[in-house]
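Student: This is the structure I have questions about; it appears just below.
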Amino acid sequence: MNLIMFVVSFVKVSLECRQAQQFLSRELPERCRDTLHHIKHVSAANITSTLDIVLNPRKYDRRLRPGFKEEPVVIYTDILLRSMGPISEKDMVYSIEIYFRQRWMDARLATNMSIENISLNIKVLDKLWHPDTVFYNGRQSYLHFVPTPNRFIRISPNGSMYLSQRLTVRAVCQMELQNYPLDSQICDLKIGSFAYTTEEVVYVWRYGPLNSVQLSNDMAMSQFDLINYSATYSNVSRKGAIHSCLTVRFGLRRHTGYFLLHVVTPCSLLVVLSWVSFWINREATADRIALGTTTVLTMTFLALDTRDELPRVSYATALDLYVSMCFIFVLSTLVQFAIVHLFTKRGHSDTHPHPKIDSSDEENAPTHRKLQPRTTKRIACTEQNIQKNRVFVSRVESQMKVWFSSLKFKGHSVRGKGRDIQANSVSQIDKVCRFVFPVTFVILNIAYWSFYLTRNEFKSM
């Protein structure tokens, strides 16, 4: 009866104020403003008293779920995805920031008031029953508390409860890295009750599986592209009990630009650099060994560096195969020079006794050489040292004279007893490798990229 009288009074005063506004002036009469203020005060007081009655511990037990020993409570859930990342391959976890919303019916909190919804302080949540929702594959998730706890609760007159929270969830994602870094991953987010079975609490998507997961318009990712996502419902067995479970499945495709710039390109350039040794004379042993050793050590460093961000899996990834291929090419150039150097020593006088120089040879020397004994002696020594693949000069000579001396005798044949030795000759193996190595590397690259780029990476979702 009091409620009916209150509604009639409110309608009567509202009509009076509206008439006064239309016919007298645009400002409400003083009497109307006082009356409305009084009504609002009475309304707030009624809400407070109603909540005190509803939340009375003698009438409301927060330890028991709604409909205890009756039908299970249905938890309607939806998610707004604000951001995603970072994603760690080493720990196999990913992070997402979401607005997590839940709605359920608690008839014990029905107020039967004319007000549509009542938004309450979050401290009231400690006095209410709410679902013990957890992320089954979560790890170190947390609620945002800056500047205040990012959550709110709303009660409808019929007892419908609405809880919204802003969460950062770190979840486990079992990644398959065989195609890394040309891979695509499928990461799940599993939601359910920690203690209640399907006989007590059931989770469903509020707007259906297609529309219950929404994305923020400004969401962007640095490492991956979100190709697609889906929402499903299932029951899972946990310690012998059946629990209701909601699953969100994210399909991710990795960005490959970083790996192309920082791994693939340096490895390919090192392989090309190692081929420079094919154009260096086979007598330049120190130069070719230094070049080969440098490229091998650099490739070793790159191979170790690429494994730092990956877990210690038992299989080889696509990046491991490419780095190994480049390492084999670089190492092959060093082995190739060892073979070339072996044939070079067999064709030169290092493996044969050196011819002795008779005094009669000096007597039969040309007249102009007799006039220059020091020059004659230097030329004779140079001819002997070319046969040993070395050039020895006096310490007092400048580097320019050494360079001029090497040019002077380069390409001249030195005649020993019964055979000719060609200095600074080009190996036939080097000539063949100048063509074989680049062609083989290009063919392997075409086969490698064709296989991994056209491979079907996504499983059916």
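Starting from 1 in every chain, residues are counted up; chains themselves are A, B, ... following the order of the structure tokens, and ligands are numbered from 1 as listed.
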Excluding same-chain residues fewer than 5 positions from Glu200 of chain A, what lies within 8 Å of it counting only C-alpha atoms, as JSON, numbers by chain?
Tutor: {"A": [71, 72, 73]}
Student: Those residues you just picked out, can you put them in a file as an mmCIF file, in the first residue's frame with N, CA and C atoms?
Tutor:
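The file below, again39.cif, is the result:
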data_model
loop_
_atom_site.group_PDB
_atom_site.id
_atom_site.type_symbol
_atom_site.label_atom_id
_atom_site.label_comp_id
_atom_site.auth_asym_id
_atom_site.auth_seq_id
_atom_site.Cartn_x
_atom_site.Cartn_y
_atom_site.Cartn_z
ATOM 1 N N GLU A 71 18.242 -26.642 -9.687
ATOM 2 C CA GLU A 71 18.874 -26.584 -10.997
ATOM 3 C C GLU A 71 20.222 -25.857 -10.901
ATOM 4 N N PRO A 72 21.182 -26.227 -11.765
ATOM 5 C CA PRO A 72 22.488 -25.541 -11.729
ATOM 6 C C PRO A 72 22.374 -24.079 -12.142
ATOM 7 N N VAL A 73 23.267 -23.266 -11.603
ATOM 8 C CA VAL A 73 23.332 -21.849 -11.939
ATOM 9 C C VAL A 73 23.991 -21.699 -13.310
#
Student: Run DSSP on the backbone of this structure and report the residues of segment 6-251 of chain A it assigns to helix (DSSP H, G or I), as a PyMOL selection string.
Tutor: chain A and resi 6-23+30-54+107-109+122-127
Student: Can you spit out the residues from that selection as a short mmCIF file (atom, residue, chain, number, x, y, z; two decimals), in the first residue's frame, using N, CA and C atoms?
Tutor:
data_model
loop_
_atom_site.label_atom_id
_atom_site.label_comp_id
_atom_site.auth_asym_id
_atom_site.auth_seq_id
_atom_site.Cartn_x
_atom_site.Cartn_y
_atom_site.Cartn_z
N PHE A 6 3.25 5.91 -2.92
CA PHE A 6 4.47 6.59 -3.36
C PHE A 6 4.49 6.81 -4.87
N VAL A 7 4.06 5.80 -5.62
CA VAL A 7 4.03 5.93 -7.07
C VAL A 7 3.01 6.97 -7.50
N VAL A 8 1.83 6.98 -6.87
CA VAL A 8 0.80 7.97 -7.22
C VAL A 8 1.29 9.38 -6.92
N SER A 9 1.95 9.57 -5.79
CA SER A 9 2.48 10.89 -5.44
C SER A 9 3.53 11.35 -6.44
N PHE A 10 4.39 10.41 -6.86
CA PHE A 10 5.45 10.77 -7.80
C PHE A 10 4.87 11.18 -9.14
N VAL A 11 3.87 10.46 -9.63
CA VAL A 11 3.24 10.80 -10.92
C VAL A 11 2.52 12.12 -10.84
N LYS A 12 1.83 12.36 -9.72
CA LYS A 12 1.08 13.61 -9.57
C LYS A 12 2.01 14.81 -9.56
N VAL A 13 3.09 14.73 -8.85
CA VAL A 13 4.04 15.85 -8.79
C VAL A 13 4.72 16.05 -10.13
N SER A 14 5.02 14.98 -10.83
CA SER A 14 5.66 15.11 -12.14
C SER A 14 4.75 15.83 -13.13
N LEU A 15 3.47 15.48 -13.13
CA LEU A 15 2.53 16.15 -14.03
C LEU A 15 2.39 17.62 -13.67
N GLU A 16 2.37 17.92 -12.41
CA GLU A 16 2.25 19.31 -11.98
C GLU A 16 3.47 20.12 -12.39
N CYS A 17 4.63 19.58 -12.25
CA CYS A 17 5.85 20.28 -12.65
C CYS A 17 5.91 20.48 -14.16
N ARG A 18 5.48 19.50 -14.93
CA ARG A 18 5.50 19.62 -16.38
C ARG A 18 4.53 20.72 -16.83
N GLN A 19 3.36 20.78 -16.22
CA GLN A 19 2.39 21.82 -16.58
C GLN A 19 2.93 23.20 -16.20
N ALA A 20 3.53 23.28 -15.06
CA ALA A 20 4.09 24.58 -14.65
C ALA A 20 5.20 25.03 -15.59
N GLN A 21 5.99 24.09 -16.09
CA GLN A 21 7.08 24.44 -17.02
C GLN A 21 6.54 24.90 -18.36
N GLN A 22 5.44 24.34 -18.82
CA GLN A 22 4.90 24.68 -20.13
C GLN A 22 4.13 26.00 -20.11
N PHE A 23 3.40 26.27 -19.07
CA PHE A 23 2.49 27.41 -19.10
C PHE A 23 3.01 28.61 -18.32
N GLU A 30 9.49 26.72 -7.43
CA GLU A 30 10.25 26.35 -6.25
C GLU A 30 9.62 25.16 -5.54
N ARG A 31 8.32 25.11 -5.55
CA ARG A 31 7.62 24.01 -4.90
C ARG A 31 7.92 22.69 -5.57
N CYS A 32 8.00 22.70 -6.93
CA CYS A 32 8.29 21.44 -7.67
C CYS A 32 9.70 20.96 -7.39
N ARG A 33 10.68 21.87 -7.35
CA ARG A 33 12.06 21.47 -7.10
C ARG A 33 12.20 20.86 -5.71
N ASP A 34 11.55 21.45 -4.75
CA ASP A 34 11.62 20.89 -3.40
C ASP A 34 10.97 19.52 -3.33
N THR A 35 9.87 19.38 -4.07
CA THR A 35 9.16 18.10 -4.04
C THR A 35 10.00 17.00 -4.69
N LEU A 36 10.63 17.31 -5.86
CA LEU A 36 11.48 16.31 -6.53
C LEU A 36 12.68 15.94 -5.69
N HIS A 37 13.29 16.92 -5.06
CA HIS A 37 14.42 16.62 -4.19
C HIS A 37 14.00 15.70 -3.05
N HIS A 38 12.84 15.95 -2.54
CA HIS A 38 12.33 15.09 -1.46
C HIS A 38 12.09 13.66 -1.95
N ILE A 39 11.53 13.57 -3.19
CA ILE A 39 11.26 12.24 -3.75
C ILE A 39 12.56 11.46 -3.97
N LYS A 40 13.62 12.15 -4.52
CA LYS A 40 14.90 11.48 -4.75
C LYS A 40 15.50 11.02 -3.43
N HIS A 41 15.37 11.87 -2.44
CA HIS A 41 15.92 11.48 -1.13
C HIS A 41 15.19 10.26 -0.58
N VAL A 42 13.86 10.28 -0.72
CA VAL A 42 13.08 9.14 -0.26
C VAL A 42 13.42 7.89 -1.05
N SER A 43 13.65 8.06 -2.42
CA SER A 43 14.00 6.92 -3.26
C SER A 43 15.33 6.31 -2.86
N ALA A 44 16.37 7.13 -2.62
CA ALA A 44 17.67 6.63 -2.19
C ALA A 44 17.57 5.93 -0.85
N ALA A 45 16.75 6.51 0.01
CA ALA A 45 16.58 5.87 1.32
C ALA A 45 15.90 4.52 1.19
N ASN A 46 14.93 4.44 0.27
CA ASN A 46 14.26 3.16 0.06
C ASN A 46 15.21 2.11 -0.50
N ILE A 47 16.10 2.52 -1.43
CA ILE A 47 17.07 1.57 -2.00
C ILE A 47 18.01 1.07 -0.92
N THR A 48 18.48 1.99 -0.09
CA THR A 48 19.39 1.59 0.98
C THR A 48 18.73 0.61 1.94
N SER A 49 17.53 0.95 2.33
CA SER A 49 16.83 0.05 3.25
C SER A 49 16.52 -1.29 2.61
N THR A 50 16.19 -1.26 1.32
CA THR A 50 15.92 -2.51 0.61
C THR A 50 17.15 -3.39 0.54
N LEU A 51 18.32 -2.79 0.24
CA LEU A 51 19.56 -3.57 0.17
C LEU A 51 19.94 -4.12 1.54
N ASP A 52 19.69 -3.33 2.58
CA ASP A 52 19.99 -3.83 3.92
C ASP A 52 19.14 -5.04 4.25
N ILE A 53 17.88 -5.00 3.81
CA ILE A 53 17.01 -6.14 4.07
C ILE A 53 17.44 -7.35 3.25
N VAL A 54 17.77 -7.12 1.96
CA VAL A 54 18.12 -8.23 1.08
C VAL A 54 19.43 -8.87 1.51
N ALA A 107 17.87 -15.17 -7.32
CA ALA A 107 16.53 -14.72 -6.93
C ALA A 107 16.48 -14.17 -5.53
N ARG A 108 17.43 -14.51 -4.69
CA ARG A 108 17.45 -14.01 -3.32
C ARG A 108 17.72 -12.51 -3.25
N LEU A 109 18.28 -11.94 -4.35
CA LEU A 109 18.61 -10.51 -4.38
C LEU A 109 17.58 -9.70 -5.15
N ILE A 122 32.28 -1.94 -5.21
CA ILE A 122 32.85 -3.27 -5.36
C ILE A 122 33.01 -3.97 -4.02
N LYS A 123 32.99 -3.21 -2.91
CA LYS A 123 33.11 -3.84 -1.60
C LYS A 123 31.89 -4.70 -1.28
N VAL A 124 30.74 -4.40 -1.93
CA VAL A 124 29.55 -5.19 -1.70
C VAL A 124 29.74 -6.61 -2.21
N LEU A 125 30.70 -6.81 -3.14
CA LEU A 125 30.92 -8.14 -3.70
C LEU A 125 31.33 -9.14 -2.64
N ASP A 126 31.97 -8.66 -1.57
CA ASP A 126 32.36 -9.57 -0.49
C ASP A 126 31.17 -10.12 0.26
N LYS A 127 30.02 -9.49 0.12
CA LYS A 127 28.81 -9.95 0.81
C LYS A 127 27.92 -10.79 -0.08
#
Student: Just give me the gap between atom CA of Tyr315 of chain A and atom CA of Asp188 of chain A in Å, one decimal is fine.
Tutor: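 One can read the atom CA of Tyr315 of chain A to atom CA of Asp188 of chain A distance as 23.1 Å.
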Student: From the options A:Phe194, A:Trp275, A:Phe100, A:Tyr448, which residue's atoms come nearest to Leu167 of chain A, counting only C-alpha atoms?
Tutor: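 Closest to Leu167 of chain A, using only C-alpha atoms: A:Phe100.
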Student: Quick one: residues within 12 Å of segment 210-225 of chain A, only C-alpha atoms, excluding same-chain residues fewer than 3 positions away - as a VMD selection string?
Tutor: chain A and resid 76 to 89 94 to 102 181 to 186 189 204 to 207 228 to 233 246 to 259
Student: Enter the distance from atom CA of Ala338 of chain A to atom CA of Thr265 of chain A, in Å, rounded to one decimal.
Tutor: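 Separating atom CA of Ala338 of chain A from atom CA of Thr265 of chain A is a distance of 27.5 Å.
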Student: What does the distance between atom CA of Ile118 of chain A and atom CA of Trp104 of chain A come to in Å, to one decimal place?
Tutor: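 Atom CA of Ile118 of chain A sits 15.1 Å away from atom CA of Trp104 of chain A.
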Student: Nearest to Lys90 of chain A among A:Leu120, A:Ile328, A:Val313, A:Leu128, with distances taken over only C-alpha atoms: which residue is it?
Tutor: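 Nearest to Lys90 of chain A: A:Val313.
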Student: Between A:Thr197, A:Asn150, A:Ser156, A:Thr300, single out the one closest to Thr168 of chain A, counting only C-alpha atoms.
Tutor: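 Selected residue with least distance to Thr168 of chain A: A:Asn150.
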Student: For Val330 of chain A, find every residue with an atom within 8 Å (counting only C-alpha atoms), except residues of its own chain fewer than 2 positions away, and show them as a PyMOL selection string.
Tutor: chain A and resi 270-271+274+292+295-296+299+326-328+332-334
Student: Next, dump the selected residues to file, keeping only all heavy atoms, as an mmCIF file, in the first residue's frame.
Tutor:
data_model
loop_
_atom_site.group_PDB
_atom_site.id
_atom_site.type_symbol
_atom_site.label_atom_id
_atom_site.label_comp_id
_atom_site.auth_asym_id
_atom_site.auth_seq_id
_atom_site.Cartn_x
_atom_site.Cartn_y
_atom_site.Cartn_z
ATOM 1 N N LEU A 270 77.205 -14.165 -45.457
ATOM 2 C CA LEU A 270 78.419 -14.873 -45.040
ATOM 3 C C LEU A 270 78.756 -16.002 -46.008
ATOM 4 O O LEU A 270 79.945 -16.260 -46.295
ATOM 5 C CB LEU A 270 78.231 -15.427 -43.629
ATOM 6 C CG LEU A 270 78.367 -14.425 -42.486
ATOM 7 C CD1 LEU A 270 78.001 -15.070 -41.168
ATOM 8 C CD2 LEU A 270 79.789 -13.884 -42.430
ATOM 9 N N VAL A 271 77.754 -16.675 -46.525
ATOM 10 C CA VAL A 271 78.002 -17.724 -47.511
ATOM 11 C C VAL A 271 78.609 -17.132 -48.772
ATOM 12 O O VAL A 271 79.582 -17.663 -49.328
ATOM 13 C CB VAL A 271 76.687 -18.473 -47.820
ATOM 14 C CG1 VAL A 271 76.904 -19.464 -48.968
ATOM 15 C CG2 VAL A 271 76.191 -19.215 -46.588
ATOM 16 N N SER A 274 82.223 -16.236 -48.224
ATOM 17 C CA SER A 274 83.143 -17.372 -48.224
ATOM 18 C C SER A 274 83.552 -17.791 -49.638
ATOM 19 O O SER A 274 84.620 -18.394 -49.819
ATOM 20 C CB SER A 274 82.506 -18.561 -47.503
ATOM 21 O OG SER A 274 81.372 -19.046 -48.213
ATOM 22 N N GLY A 292 88.270 -18.236 -44.447
ATOM 23 C CA GLY A 292 87.405 -19.362 -44.110
ATOM 24 C C GLY A 292 87.143 -19.485 -42.616
ATOM 25 O O GLY A 292 86.014 -19.748 -42.190
ATOM 26 N N THR A 295 84.611 -16.694 -41.406
ATOM 27 C CA THR A 295 83.212 -16.966 -41.760
ATOM 28 C C THR A 295 82.635 -18.122 -40.952
ATOM 29 O O THR A 295 81.469 -18.089 -40.555
ATOM 30 C CB THR A 295 83.112 -17.274 -43.258
ATOM 31 O OG1 THR A 295 84.046 -18.315 -43.600
ATOM 32 C CG2 THR A 295 83.420 -16.040 -44.089
ATOM 33 N N VAL A 296 83.442 -19.133 -40.678
ATOM 34 C CA VAL A 296 82.960 -20.262 -39.876
ATOM 35 C C VAL A 296 82.643 -19.820 -38.450
ATOM 36 O O VAL A 296 81.594 -20.176 -37.885
ATOM 37 C CB VAL A 296 83.988 -21.401 -39.887
ATOM 38 C CG1 VAL A 296 83.632 -22.464 -38.851
ATOM 39 C CG2 VAL A 296 84.054 -22.052 -41.261
ATOM 40 N N MET A 299 79.434 -17.696 -38.407
ATOM 41 C CA MET A 299 78.244 -18.529 -38.554
ATOM 42 C C MET A 299 77.945 -19.280 -37.259
ATOM 43 O O MET A 299 76.774 -19.463 -36.886
ATOM 44 C CB MET A 299 78.434 -19.517 -39.697
ATOM 45 C CG MET A 299 78.158 -18.943 -41.078
ATOM 46 S SD MET A 299 76.470 -18.354 -41.268
ATOM 47 C CE MET A 299 75.544 -19.779 -40.747
ATOM 48 N N CYS A 326 73.587 -22.958 -44.281
ATOM 49 C CA CYS A 326 74.604 -21.926 -44.516
ATOM 50 C C CYS A 326 75.929 -22.308 -43.864
ATOM 51 O O CYS A 326 77.003 -22.060 -44.430
ATOM 52 C CB CYS A 326 74.109 -20.584 -43.988
ATOM 53 S SG CYS A 326 72.672 -19.921 -44.850
ATOM 54 N N PHE A 327 75.866 -22.910 -42.680
ATOM 55 C CA PHE A 327 77.094 -23.319 -42.002
ATOM 56 C C PHE A 327 77.831 -24.394 -42.803
ATOM 57 O O PHE A 327 79.067 -24.380 -42.893
ATOM 58 C CB PHE A 327 76.753 -23.835 -40.609
ATOM 59 C CG PHE A 327 77.953 -24.171 -39.772
ATOM 60 C CD1 PHE A 327 78.621 -23.191 -39.077
ATOM 61 C CD2 PHE A 327 78.417 -25.477 -39.699
ATOM 62 C CE1 PHE A 327 79.735 -23.498 -38.310
ATOM 63 C CE2 PHE A 327 79.523 -25.795 -38.941
ATOM 64 C CZ PHE A 327 80.187 -24.801 -38.238
ATOM 65 N N ILE A 328 77.089 -25.313 -43.391
ATOM 66 C CA ILE A 328 77.721 -26.363 -44.204
ATOM 67 C C ILE A 328 78.403 -25.766 -45.420
ATOM 68 O O ILE A 328 79.522 -26.167 -45.800
ATOM 69 C CB ILE A 328 76.665 -27.416 -44.603
ATOM 70 C CG1 ILE A 328 76.212 -28.203 -43.377
ATOM 71 C CG2 ILE A 328 77.223 -28.359 -45.665
ATOM 72 C CD1 ILE A 328 75.078 -29.160 -43.650
ATOM 73 N N SER A 332 82.304 -25.919 -46.074
ATOM 74 C CA SER A 332 82.739 -26.608 -47.292
ATOM 75 C C SER A 332 83.802 -25.816 -48.035
ATOM 76 O O SER A 332 84.704 -26.402 -48.656
ATOM 77 C CB SER A 332 81.544 -26.859 -48.202
ATOM 78 O OG SER A 332 80.595 -27.695 -47.570
ATOM 79 N N THR A 333 83.719 -24.497 -48.000
ATOM 80 C CA THR A 333 84.754 -23.690 -48.673
ATOM 81 C C THR A 333 86.114 -23.883 -48.009
ATOM 82 O O THR A 333 87.146 -23.902 -48.692
ATOM 83 C CB THR A 333 84.370 -22.209 -48.631
ATOM 84 O OG1 THR A 333 84.181 -21.789 -47.275
ATOM 85 C CG2 THR A 333 83.083 -21.971 -49.404
ATOM 86 N N LEU A 334 86.111 -24.058 -46.682
ATOM 87 C CA LEU A 334 87.381 -24.294 -45.988
ATOM 88 C C LEU A 334 87.922 -25.684 -46.309
ATOM 89 O O LEU A 334 89.139 -25.854 -46.525
ATOM 90 C CB LEU A 334 87.168 -24.125 -44.485
ATOM 91 C CG LEU A 334 88.418 -24.001 -43.616
ATOM 92 C CD1 LEU A 334 89.240 -22.785 -44.021
ATOM 93 C CD2 LEU A 334 88.023 -23.893 -42.146
#
Student: Pick from A:Leu163, A:Ile155, A:Val146, A:Ile75: nearest to Gly192 of chain A, with only C-alpha atoms counted?
Tutor: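 Ranking A:Leu163, A:Ile155, A:Val146, A:Ile75 by distance to Gly192 of chain A, first place goes to A:Ile75.
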Student: For each of A:Tyr180, A:Ala110, A:Cys173, A:Val263, take the minimum atom-to-atom distance to Pro157 of chain A, counting only C-alpha atoms, then give the residue where this is smallest.
Tutor: A:Ala110
Student: Of the candidates A:Pro147, A:Phe441, A:Gln428, A:Ser160, which one gets nearest to Met325 of chain A if we count only C-alpha atoms?
Tutor: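 With only C-alpha atoms as the atom set, the closest residue is A:Phe441.
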Student: Just the residues within 12 Å of Val442 of chain A, please, counting only C-alpha atoms, with nothing from its chain fewer than 2 positions along; format it as a PyMOL selection string.
Tutor: chain A and resi 268+271-272+325-326+329+435-440+444-449
Student: Using all heavy atoms, can you export the residues from the last selection as a CSV table (one decimal), in the first residue's frame?
Tutor:
chain,number,residue,atom,x,y,z
A,268,SER,N,73.2,-15.5,-45.4
A,268,SER,CA,73.4,-15.6,-46.8
A,268,SER,C,74.6,-14.8,-47.2
A,268,SER,O,75.3,-15.2,-48.1
A,268,SER,CB,72.1,-15.1,-47.5
A,268,SER,OG,71.0,-15.9,-47.2
A,271,VAL,N,77.8,-16.7,-46.5
A,271,VAL,CA,78.0,-17.7,-47.5
A,271,VAL,C,78.6,-17.1,-48.8
A,271,VAL,O,79.6,-17.7,-49.3
A,271,VAL,CB,76.7,-18.5,-47.8
A,271,VAL,CG1,76.9,-19.5,-49.0
A,271,VAL,CG2,76.2,-19.2,-46.6
A,272,VAL,N,78.1,-16.0,-49.2
A,272,VAL,CA,78.6,-15.4,-50.4
A,272,VAL,C,80.0,-14.9,-50.2
A,272,VAL,O,80.9,-15.0,-51.0
A,272,VAL,CB,77.7,-14.2,-50.8
A,272,VAL,CG1,78.3,-13.4,-52.0
A,272,VAL,CG2,76.3,-14.7,-51.2
A,325,MET,N,72.3,-25.2,-43.1
A,325,MET,CA,72.7,-25.2,-44.5
A,325,MET,C,73.7,-24.2,-44.8
A,325,MET,O,74.7,-24.5,-45.5
A,325,MET,CB,71.4,-24.9,-45.3
A,325,MET,CG,71.7,-25.0,-46.8
A,325,MET,SD,70.2,-24.6,-47.8
A,325,MET,CE,69.9,-22.9,-47.3
A,326,CYS,N,73.6,-23.0,-44.3
A,326,CYS,CA,74.6,-21.9,-44.5
A,326,CYS,C,75.9,-22.3,-43.9
A,326,CYS,O,77.0,-22.1,-44.4
A,326,CYS,CB,74.1,-20.6,-44.0
A,326,CYS,SG,72.7,-19.9,-44.8
A,329,PHE,N,77.8,-24.8,-46.1
A,329,PHE,CA,78.4,-24.1,-47.2
A,329,PHE,C,79.7,-23.4,-46.8
A,329,PHE,O,80.7,-23.5,-47.5
A,329,PHE,CB,77.4,-23.2,-47.9
A,329,PHE,CG,76.6,-23.8,-48.9
A,329,PHE,CD1,75.3,-24.3,-48.6
A,329,PHE,CD2,77.0,-23.8,-50.2
A,329,PHE,CE1,74.5,-24.9,-49.6
A,329,PHE,CE2,76.2,-24.4,-51.2
A,329,PHE,CZ,75.0,-24.9,-50.9
A,435,PHE,N,81.3,-22.0,-59.9
A,435,PHE,CA,80.0,-22.2,-60.5
A,435,PHE,C,79.1,-23.1,-59.7
A,435,PHE,O,77.9,-22.9,-59.6
A,435,PHE,CB,80.2,-22.8,-62.0
A,435,PHE,CG,78.9,-23.2,-62.6
A,435,PHE,CD1,78.1,-22.2,-63.2
A,435,PHE,CD2,78.4,-24.5,-62.7
A,435,PHE,CE1,76.9,-22.5,-63.8
A,435,PHE,CE2,77.3,-24.8,-63.3
A,435,PHE,CZ,76.5,-23.8,-63.9
A,436,VAL,N,79.7,-24.2,-59.2
A,436,VAL,CA,78.9,-25.2,-58.5
A,436,VAL,C,78.3,-24.7,-57.2
A,436,VAL,O,77.1,-24.9,-56.9
A,436,VAL,CB,79.7,-26.5,-58.2
A,436,VAL,CG1,78.9,-27.5,-57.4
A,436,VAL,CG2,80.1,-27.1,-59.6
A,437,PHE,N,79.1,-24.0,-56.4
A,437,PHE,CA,78.6,-23.5,-55.1
A,437,PHE,C,77.4,-22.6,-55.2
A,437,PHE,O,76.4,-22.7,-54.5
A,437,PHE,CB,79.8,-22.9,-54.3
A,437,PHE,CG,80.5,-23.9,-53.5
A,437,PHE,CD1,81.3,-24.9,-54.1
A,437,PHE,CD2,80.5,-23.9,-52.1
A,437,PHE,CE1,82.0,-25.8,-53.4
A,437,PHE,CE2,81.2,-24.8,-51.3
A,437,PHE,CZ,82.0,-25.8,-52.0
A,438,PRO,N,77.5,-21.5,-56.0
A,438,PRO,CA,76.4,-20.6,-56.1
A,438,PRO,C,75.1,-21.2,-56.7
A,438,PRO,O,74.0,-21.0,-56.2
A,438,PRO,CB,76.9,-19.5,-57.0
A,438,PRO,CG,78.4,-19.5,-56.9
A,438,PRO,CD,78.7,-20.9,-56.7
A,439,VAL,N,75.3,-22.1,-57.7
A,439,VAL,CA,74.1,-22.7,-58.2
A,439,VAL,C,73.4,-23.6,-57.2
A,439,VAL,O,72.2,-23.7,-57.1
A,439,VAL,CB,74.5,-23.5,-59.5
A,439,VAL,CG1,73.3,-24.3,-60.0
A,439,VAL,CG2,74.9,-22.5,-60.6
A,440,THR,N,74.2,-24.4,-56.5
A,440,THR,CA,73.6,-25.3,-55.5
A,440,THR,C,72.9,-24.5,-54.4
A,440,THR,O,71.9,-24.9,-53.9
A,440,THR,CB,74.8,-26.2,-54.9
A,440,THR,OG1,75.4,-26.9,-56.0
A,440,THR,CG2,74.2,-27.2,-53.9
A,444,LEU,N,68.9,-24.9,-53.4
A,444,LEU,CA,68.5,-25.2,-52.1
A,444,LEU,C,67.6,-24.2,-51.5
A,444,LEU,O,66.6,-24.5,-50.8
A,444,LEU,CB,69.7,-25.5,-51.2
A,444,LEU,CG,70.5,-26.8,-51.5
A,444,LEU,CD1,71.7,-26.9,-50.6
A,444,LEU,CD2,69.6,-28.0,-51.4
A,445,ASN,N,67.9,-22.9,-51.7
A,445,ASN,CA,67.0,-21.8,-51.2
A,445,ASN,C,65.7,-21.8,-51.8
A,445,ASN,O,64.6,-21.7,-51.1
A,445,ASN,CB,67.7,-20.4,-51.5
A,445,ASN,CG,68.6,-20.0,-50.3
A,445,ASN,OD1,68.1,-19.3,-49.4
A,445,ASN,ND2,69.8,-20.3,-50.4
A,446,ILE,N,65.6,-22.1,-53.1
A,446,ILE,CA,64.3,-22.2,-53.8
A,446,ILE,C,63.5,-23.3,-53.2
A,446,ILE,O,62.3,-23.2,-52.9
A,446,ILE,CB,64.5,-22.3,-55.3
A,446,ILE,CG1,65.1,-21.0,-55.9
A,446,ILE,CG2,63.1,-22.6,-56.0
A,446,ILE,CD1,65.4,-21.2,-57.4
A,447,ALA,N,64.1,-24.5,-53.0
A,447,ALA,CA,63.4,-25.6,-52.5
A,447,ALA,C,63.0,-25.4,-51.0
A,447,ALA,O,61.9,-25.7,-50.6
A,447,ALA,CB,64.3,-26.9,-52.5
A,448,TYR,N,63.8,-24.7,-50.2
A,448,TYR,CA,63.5,-24.4,-48.8
A,448,TYR,C,62.3,-23.5,-48.7
A,448,TYR,O,61.4,-23.8,-48.0
A,448,TYR,CB,64.8,-23.8,-48.2
A,448,TYR,CG,64.6,-23.4,-46.7
A,448,TYR,CD1,64.8,-24.2,-45.7
A,448,TYR,CD2,64.2,-22.1,-46.5
A,448,TYR,CE1,64.6,-23.8,-44.4
A,448,TYR,CE2,64.0,-21.6,-45.1
A,448,TYR,CZ,64.2,-22.5,-44.1
A,448,TYR,OH,64.0,-22.1,-42.8
A,449,TRP,N,62.4,-22.4,-49.4
A,449,TRP,CA,61.3,-21.4,-49.2
A,449,TRP,C,60.0,-21.9,-49.9
A,449,TRP,O,58.9,-21.6,-49.4
A,449,TRP,CB,61.7,-20.1,-49.8
A,449,TRP,CG,62.8,-19.4,-49.1
A,449,TRP,CD1,64.1,-19.3,-49.5
A,449,TRP,CD2,62.8,-18.8,-47.8
A,449,TRP,NE1,64.9,-18.7,-48.6
A,449,TRP,CE2,64.1,-18.4,-47.5
A,449,TRP,CE3,61.8,-18.6,-46.9
A,449,TRP,CZ2,64.4,-17.7,-46.3
A,449,TRP,CZ3,62.0,-18.0,-45.7
A,449,TRP,CH2,63.3,-17.5,-45.4
